[in-house]
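Enquirer: First the structure, which I've put down as structure tokens, then a few questions once you've had a look.
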Amino acid sequence: MGLRTPLYDLHLALGAKMVDFGGWDMPLHYGSQVEEHHQVRRDCGVFDVSHMTVIDVHGAQAAVWLQRLLANDVARLTATGKALYSTMLDEQGKVIDDMIVYRCEDGYRLVVNASTRDKDLAWLNACKGSFQVDFSERPELAILAIQGPEARAKVAELLTASRAALIRELKPFEGRAEGDWFIARTGYTGEDGLEIIFPAVQAPAFFNDLVGAGIAPSGLGARDTLRLEAGMNLYGQDIDEAHTPLTSNLGWSVAWEPAERDFIGRNGLLAEIEHGVEQKLVGLVLEERGVLRAHQVVRVAGIGEGEITSGSFSPTLSKSIALARVPMATADRAEVEIRGKWYPVRVVKPTFVRHGKILI
């Protein structure tokens with residue numbers, strides 16, 4: 001038996017197929033993974049992501065400490081409510097984890113991956129040093145992600161006037177507190193929507209309200225195909241401690257300025273740039289019948305080989321797609337080995353679908 005979110009019993013009551021995910025018992029789907037995917041693209045769906053870890057950071061040197069800890073710069077969060085995406089690196093520039101950071105009235109809120117909880121907390125403790133900073137995990141909170149073009153409008157109809165007003169006011173990549181709720185306009189699907197962090201004891205009733213309002217319960221299967229279509233990395237597959245942001249299509253998330261900001265991993269990244277970045281993360285589209293899967297070999301004629309990091313059938317495109325780490329010189333064509341045979345694939349920018357629009 002794995003760890004369970006506050007919604008475990010409700011998932012069972014709704015007929016979810018449960019699977020192990022990083023030590024947690026989580027819903028894979030509630031009957032049709034493909035239909036849940038389409039529902040989010042066309043309307044909206046709700047995901048239980050309470051397995052993720054919330055860490056609040058406080059103290060006189062909270063900002064200075066996070067500027068040292070993270071590859072992105074929290075100084076960019078110029079007002080309460082602003083959010084940014086960042087990786088957290090080791091000294092060699094390899095990715096320990098990725099996260100969203102929110103600026104709050106009294107500090108910062110980090111939302112990190114479930115499977116990396118223990119090593120993240122250990123790393124934060126190891127890097128605390130003499131900084132005047134405190135951080136605390138918030139296991140008493142649940143997280144629901146309501147995603148899709150109709151998500152904000154439908155959720156607002158179910159909430160108090162003040163929370164509905166906040167939802168209407170939020171800009172993309174903002175999150176603010178309203179009472180004991182924290183409502184953010186962020187997500188992991190390539191669609192507009194919300195992530196709501198609130199007391200776990202309130203989660204079953206609110207989840208029931210959402211489902212009762214016609215918002216489809218959605219599982220990890222649809223979450224994975226949605227994020228893959230959107231070109232969003234999954235920790236442990238597309239990013240890990242063997243690779244840097246520069247080889248993971250995340251160079252944009254590294255804040256090099258100001259030059260004097262000595263974040264952990266900066267020198268490792270600079271050494272990689274000086275040596276020459278050898279790989280990049282790209283998108284692949286299989287034009288023929290077949291399924292692209294993680295760890296399949298990618299061959300680029302006259303250049304070398306790479307590997308698929310994430311792959312699946314795309315419900316939106318009705319084709320198999322993948323993210324793959326390949327040699328830097330890779331152009332627009334490659335081949336993938338599937339069951340002993342080589343299939344041609346098209347190499348594209350690693351964003352296939354965003355806000356319902358096909359981009360390839």
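In the structure tokens, chains take letters A, B, ... by order of appearance, with residues numbered from 1 within each chain and ligands from 1 in the order shown.
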May I have the residues within 12 Å of Glu272 of chain A as number ranges by chain, using only C-alpha atoms and disregarding those fewer than 4 positions away in the same chain?
Expert: A: 92-94, 243-247, 265-268, 276-279
Enquirer: Where in segment 117-216 of chain A does DSSP assign strand (DSSP E), given as a PyMOL selection string?
Expert: chain A and resi 134-137+141-147+175-178+181-184+193-199+216
Enquirer: Excluding Ile321 of chain A and its own-chain neighbours fewer than 4 positions away, which residues fall within 6 Å of it when counting only C-alpha atoms? Please give them as a list in words.
Expert: Leu284, Val285, Gly311 and Ser312 of chain A
Enquirer: Atoms to include: C-alpha atoms. Write the selected residues as a PDB file, in the first residue's frame.
Expert:
```
ATOM      1  CA  LEU A 284       9.548  13.970 -32.623  1.00  0.00           C
ATOM      2  CA  VAL A 285       6.498  13.138 -34.729  1.00  0.00           C
ATOM      3  CA  GLY A 311       6.731   9.249 -25.815  1.00  0.00           C
ATOM      4  CA  SER A 312       3.059   8.445 -26.320  1.00  0.00           C
TER       5      SER A 312
END
```
Enquirer: Please produce, as JSON lines, a per-residue contact table for segment 251-333 of chain A versus segment 339-352 of chain A (criterion: any atom at most 7 Å away, only C-alpha atoms considered), showing the nearest atom pair and its distance in Å to one decimal, sorted by chain then residue number.
Expert:
```
{"residue": "A:Val282", "atom": "CA", "partner": "A:Pro350", "partner_atom": "CA", "distance": 5.0}
{"residue": "A:Gly283", "atom": "CA", "partner": "A:Pro350", "partner_atom": "CA", "distance": 4.1}
{"residue": "A:Leu284", "atom": "CA", "partner": "A:Val347", "partner_atom": "CA", "distance": 4.8}
{"residue": "A:Val285", "atom": "CA", "partner": "A:Arg346", "partner_atom": "CA", "distance": 5.1}
{"residue": "A:Leu286", "atom": "CA", "partner": "A:Val345", "partner_atom": "CA", "distance": 4.8}
{"residue": "A:Glu287", "atom": "CA", "partner": "A:Val345", "partner_atom": "CA", "distance": 6.5}
{"residue": "A:Leu323", "atom": "CA", "partner": "A:Pro350", "partner_atom": "CA", "distance": 6.6}
{"residue": "A:Ala331", "atom": "CA", "partner": "A:Val347", "partner_atom": "CA", "distance": 6.9}
{"residue": "A:Asp332", "atom": "CA", "partner": "A:Val347", "partner_atom": "CA", "distance": 4.5}
{"residue": "A:Arg333", "atom": "CA", "partner": "A:Arg346", "partner_atom": "CA", "distance": 5.0}
```
Enquirer: Could you write those residues out with C-alpha atoms, as a short mmCIF file (atom, residue, chain, number, x, y, z; two decimals), in the first residue's frame?
Expert:
```
data_model
loop_
_atom_site.label_atom_id
_atom_site.label_comp_id
_atom_site.auth_asym_id
_atom_site.auth_seq_id
_atom_site.Cartn_x
_atom_site.Cartn_y
_atom_site.Cartn_z
CA VAL A 282 13.59 18.11 -29.36
CA GLY A 283 10.14 16.95 -30.38
CA LEU A 284 9.55 13.97 -32.62
CA VAL A 285 6.50 13.14 -34.73
CA LEU A 286 6.00 9.63 -36.12
CA GLU A 287 4.19 9.95 -39.44
CA LEU A 323 10.53 14.27 -26.56
CA ALA A 331 18.17 18.93 -38.10
CA ASP A 332 14.62 18.07 -39.18
CA ARG A 333 14.77 14.32 -39.80
#
```
Enquirer: To test your reading of the structure, identify every residue in segment 185-299 of chain A that backbone DSSP assigns to alpha helix (DSSP H), and report it as a PyMOL selection string.
Expert: chain A and resi 203-212+220-229+266-275
Enquirer: Measuring atom to atom with only C-alpha atoms, identify which of A:Gly81, A:Gly212, A:Pro258, A:Gly219 is nearest to Thr186 of chain A.
Expert: A:Gly81
Enquirer: Which is closest to Gly23 of chain A among A:Glu36, A:Glu307, A:Asp90, A:Asp118, if we use only C-alpha atoms?
Expert: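 Looking at the shortest contact to Gly23 of chain A, the residue is A:Asp118.
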Enquirer: Between atom CA of Arg4 of chain A and atom CA of Met26 of chain A, what is the spacing in Å?
Expert: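 Separation between atom CA of Met26 of chain A and atom CA of Arg4 of chain A: 7.5 Å.
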Enquirer: If you count only C-alpha atoms, which residues fall within 12 Å of Gln202 of chain A, apart from same-chain ones fewer than 2 positions away, as a list in words?
Expert: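 Here the qualifying residues turn out to be Pro6, Leu7, Glu140, Leu141, Ala142, Ile143, Leu144, Asp180, Trp181, Ile196, Ile197, Phe198, Pro199, Ala200, Pro204, Ala205, Phe206, Phe207, Asn208 and Asp209 of chain A.
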Enquirer: Let's have the selection written as a compact mmCIF listing (two decimals), in the first residue's frame, with N, CA, C and O atoms.
Expert:
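The file below, part_17.txt, is the result:
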```txt
# COMPACT_ATOMS: atom_id res chain seq x y z
N PRO A 6 -5.90 12.87 0.39
CA PRO A 6 -7.19 12.94 1.08
C PRO A 6 -8.37 12.50 0.21
O PRO A 6 -9.46 12.29 0.72
N LEU A 7 -8.14 12.34 -1.09
CA LEU A 7 -9.22 11.99 -2.01
C LEU A 7 -9.20 10.52 -2.42
O LEU A 7 -9.97 10.11 -3.30
N GLU A 140 -0.41 19.32 5.44
CA GLU A 140 -1.83 19.43 5.77
C GLU A 140 -2.63 20.06 4.64
O GLU A 140 -3.86 20.23 4.75
N LEU A 141 -1.96 20.38 3.53
CA LEU A 141 -2.63 21.02 2.40
C LEU A 141 -2.85 20.03 1.26
O LEU A 141 -2.06 19.12 1.04
N ALA A 142 -3.93 20.23 0.53
CA ALA A 142 -4.22 19.47 -0.68
C ALA A 142 -4.06 20.40 -1.88
O ALA A 142 -4.07 21.63 -1.73
N ILE A 143 -3.90 19.81 -3.07
CA ILE A 143 -3.80 20.60 -4.30
C ILE A 143 -4.70 19.98 -5.35
O ILE A 143 -4.62 18.79 -5.64
N LEU A 144 -5.56 20.82 -5.93
CA LEU A 144 -6.36 20.41 -7.08
C LEU A 144 -5.98 21.29 -8.26
O LEU A 144 -5.82 22.50 -8.12
N ASP A 180 -7.84 30.86 3.78
CA ASP A 180 -6.92 29.72 3.90
C ASP A 180 -6.74 28.99 2.56
O ASP A 180 -6.20 27.89 2.53
N TRP A 181 -7.18 29.60 1.48
CA TRP A 181 -6.96 29.06 0.14
C TRP A 181 -5.87 29.86 -0.56
O TRP A 181 -5.74 31.07 -0.35
N ILE A 196 -5.26 25.04 -7.07
CA ILE A 196 -5.77 25.54 -5.79
C ILE A 196 -5.16 24.72 -4.66
O ILE A 196 -5.28 23.49 -4.63
N ILE A 197 -4.48 25.42 -3.76
CA ILE A 197 -3.85 24.80 -2.59
C ILE A 197 -4.66 25.21 -1.37
O ILE A 197 -4.83 26.41 -1.10
N PHE A 198 -5.17 24.24 -0.64
CA PHE A 198 -6.11 24.57 0.44
C PHE A 198 -6.11 23.43 1.47
O PHE A 198 -5.53 22.36 1.22
N PRO A 199 -6.76 23.63 2.64
CA PRO A 199 -6.74 22.60 3.67
C PRO A 199 -7.26 21.26 3.17
O PRO A 199 -8.32 21.19 2.54
N ALA A 200 -6.50 20.20 3.46
CA ALA A 200 -6.86 18.87 2.96
C ALA A 200 -8.22 18.42 3.46
O ALA A 200 -8.92 17.67 2.76
N PRO A 204 -12.33 16.68 -0.10
CA PRO A 204 -13.39 15.82 -0.64
C PRO A 204 -14.66 16.57 -1.02
O PRO A 204 -15.23 16.33 -2.09
N ALA A 205 -15.08 17.50 -0.18
CA ALA A 205 -16.32 18.23 -0.47
C ALA A 205 -16.16 19.09 -1.72
O ALA A 205 -17.06 19.14 -2.57
N PHE A 206 -15.02 19.76 -1.86
CA PHE A 206 -14.82 20.63 -3.02
C PHE A 206 -14.67 19.80 -4.30
O PHE A 206 -15.20 20.17 -5.36
N PHE A 207 -13.96 18.69 -4.22
CA PHE A 207 -13.83 17.82 -5.38
C PHE A 207 -15.21 17.33 -5.84
O PHE A 207 -15.51 17.31 -7.03
N ASN A 208 -16.05 16.97 -4.88
CA ASN A 208 -17.42 16.56 -5.20
C ASN A 208 -18.19 17.68 -5.88
O ASN A 208 -18.95 17.45 -6.83
N ASP A 209 -18.00 18.92 -5.39
CA ASP A 209 -18.68 20.06 -6.00
C ASP A 209 -18.25 20.24 -7.46
O ASP A 209 -19.08 20.52 -8.34
```
Enquirer: Taking only C-alpha atoms into account, name the residue in A:Phe21, A:Tyr30, A:Tyr85, A:Phe263 that is nearest to Leu69 of chain A.
Expert: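 Under the stated criterion, the closest residue is A:Phe263.
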Enquirer: Restricting the calculation to only C-alpha atoms: of A:Glu35, A:Asp224, A:Glu195, A:Glu150, which residue gets closest to Met52 of chain A?
Expert: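 Of all the options, A:Glu195 lies closest to Met52 of chain A.
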Enquirer: I want to know what sits within 10 Å of Pro315 of chain A, based on only C-alpha atoms, with residues of the same chain fewer than 2 positions away left out; could you give that as a list in words?
Expert: Gln33, Val34, Glu35, His37, His38, Ala222, Thr225, Leu226, Glu229, Ser312, Phe313, Leu317, Ser318, Lys319 and Ser320 of chain A
Enquirer: Write to file, as a tab-separated table (two decimals), in the first residue's frame, the residues of the selection just made, with N, CA and C atoms.
Expert:
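Contents of out.tsv, as written:
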```
chain	number	residue	atom	x	y	z
A	33	GLN	N	-8.90	7.33	-20.53
A	33	GLN	CA	-7.82	8.31	-20.50
A	33	GLN	C	-7.92	9.28	-21.68
A	34	VAL	N	-8.26	8.76	-22.85
A	34	VAL	CA	-8.35	9.60	-24.05
A	34	VAL	C	-9.48	10.61	-23.91
A	35	GLU	N	-10.63	10.19	-23.40
A	35	GLU	CA	-11.75	11.12	-23.25
A	35	GLU	C	-11.43	12.20	-22.23
A	37	HIS	N	-8.48	13.39	-21.63
A	37	HIS	CA	-7.58	14.29	-22.36
A	37	HIS	C	-8.37	15.28	-23.21
A	38	HIS	N	-9.30	14.76	-24.02
A	38	HIS	CA	-10.09	15.64	-24.89
A	38	HIS	C	-10.95	16.61	-24.07
A	222	ALA	N	-4.12	11.08	-18.57
A	222	ALA	CA	-4.41	12.27	-19.37
A	222	ALA	C	-3.44	13.40	-19.03
A	225	THR	N	-0.28	12.80	-21.16
A	225	THR	CA	-0.39	13.10	-22.60
A	225	THR	C	-0.61	14.59	-22.84
A	226	LEU	N	-1.30	15.26	-21.94
A	226	LEU	CA	-1.50	16.70	-22.07
A	226	LEU	C	-0.18	17.45	-21.93
A	229	GLU	N	2.09	16.81	-25.01
A	229	GLU	CA	1.69	17.64	-26.16
A	229	GLU	C	2.13	19.08	-25.97
A	312	SER	N	4.42	8.96	-26.46
A	312	SER	CA	3.06	8.45	-26.32
A	312	SER	C	2.28	8.76	-27.58
A	313	PHE	N	1.09	8.19	-27.68
A	313	PHE	CA	0.15	8.57	-28.72
A	313	PHE	C	-0.51	9.88	-28.31
A	317	LEU	N	-3.41	15.09	-31.84
A	317	LEU	CA	-2.82	15.00	-33.18
A	317	LEU	C	-3.16	13.69	-33.89
A	318	SER	N	-3.61	12.70	-33.12
A	318	SER	CA	-3.84	11.34	-33.65
A	318	SER	C	-2.58	10.78	-34.27
A	319	LYS	N	-1.44	11.10	-33.65
A	319	LYS	CA	-0.14	10.58	-34.07
A	319	LYS	C	0.69	10.30	-32.83
A	320	SER	N	1.71	9.52	-32.98
A	320	SER	CA	2.63	9.28	-31.89
A	320	SER	C	3.68	10.39	-31.86
```
Enquirer: Could you list, as an MDAnalysis selection string, every residue within 6 Å of Ser218 of chain A, counting only C-alpha atoms and ignoring same-chain residues fewer than 3 positions away?
Expert: chainID A and resid 36 45:47
Enquirer: What does the file look like for those residues with N, CA and C atoms, as a compact mmCIF listing (two decimals), in the first residue's frame?
Expert:
```txt
# COMPACT_ATOMS: atom_id res chain seq x y z
N GLU A 36 -10.74 11.84 -21.16
CA GLU A 36 -10.34 12.84 -20.16
C GLU A 36 -9.39 13.86 -20.79
N GLY A 45 -11.18 19.78 -16.88
CA GLY A 45 -11.15 18.61 -16.02
C GLY A 45 -10.42 18.95 -14.74
N VAL A 46 -10.58 18.08 -13.72
CA VAL A 46 -9.93 18.31 -12.43
C VAL A 46 -9.01 17.14 -12.10
N PHE A 47 -7.80 17.48 -11.68
CA PHE A 47 -6.78 16.51 -11.29
C PHE A 47 -6.48 16.67 -9.80
```
Enquirer: Could you give me, as a count of residues only, the residues within 10 Å of Ile338 of chain A, counting only C-alpha atoms and dropping anything in the same chain fewer than 3 positions from it?
Expert: 11
Enquirer: Counting only C-alpha atoms, which residue out of A:Cys104, A:Val155, A:Ala60, A:Leu250 sits closest to Val211 of chain A?
Expert: A:Val155
Enquirer: Go through A:Leu28, A:Leu194, A:Met328, A:Leu66 and flag the residue nearest Lys128 of chain A, using only C-alpha atoms for the distances.
Expert: A:Leu66
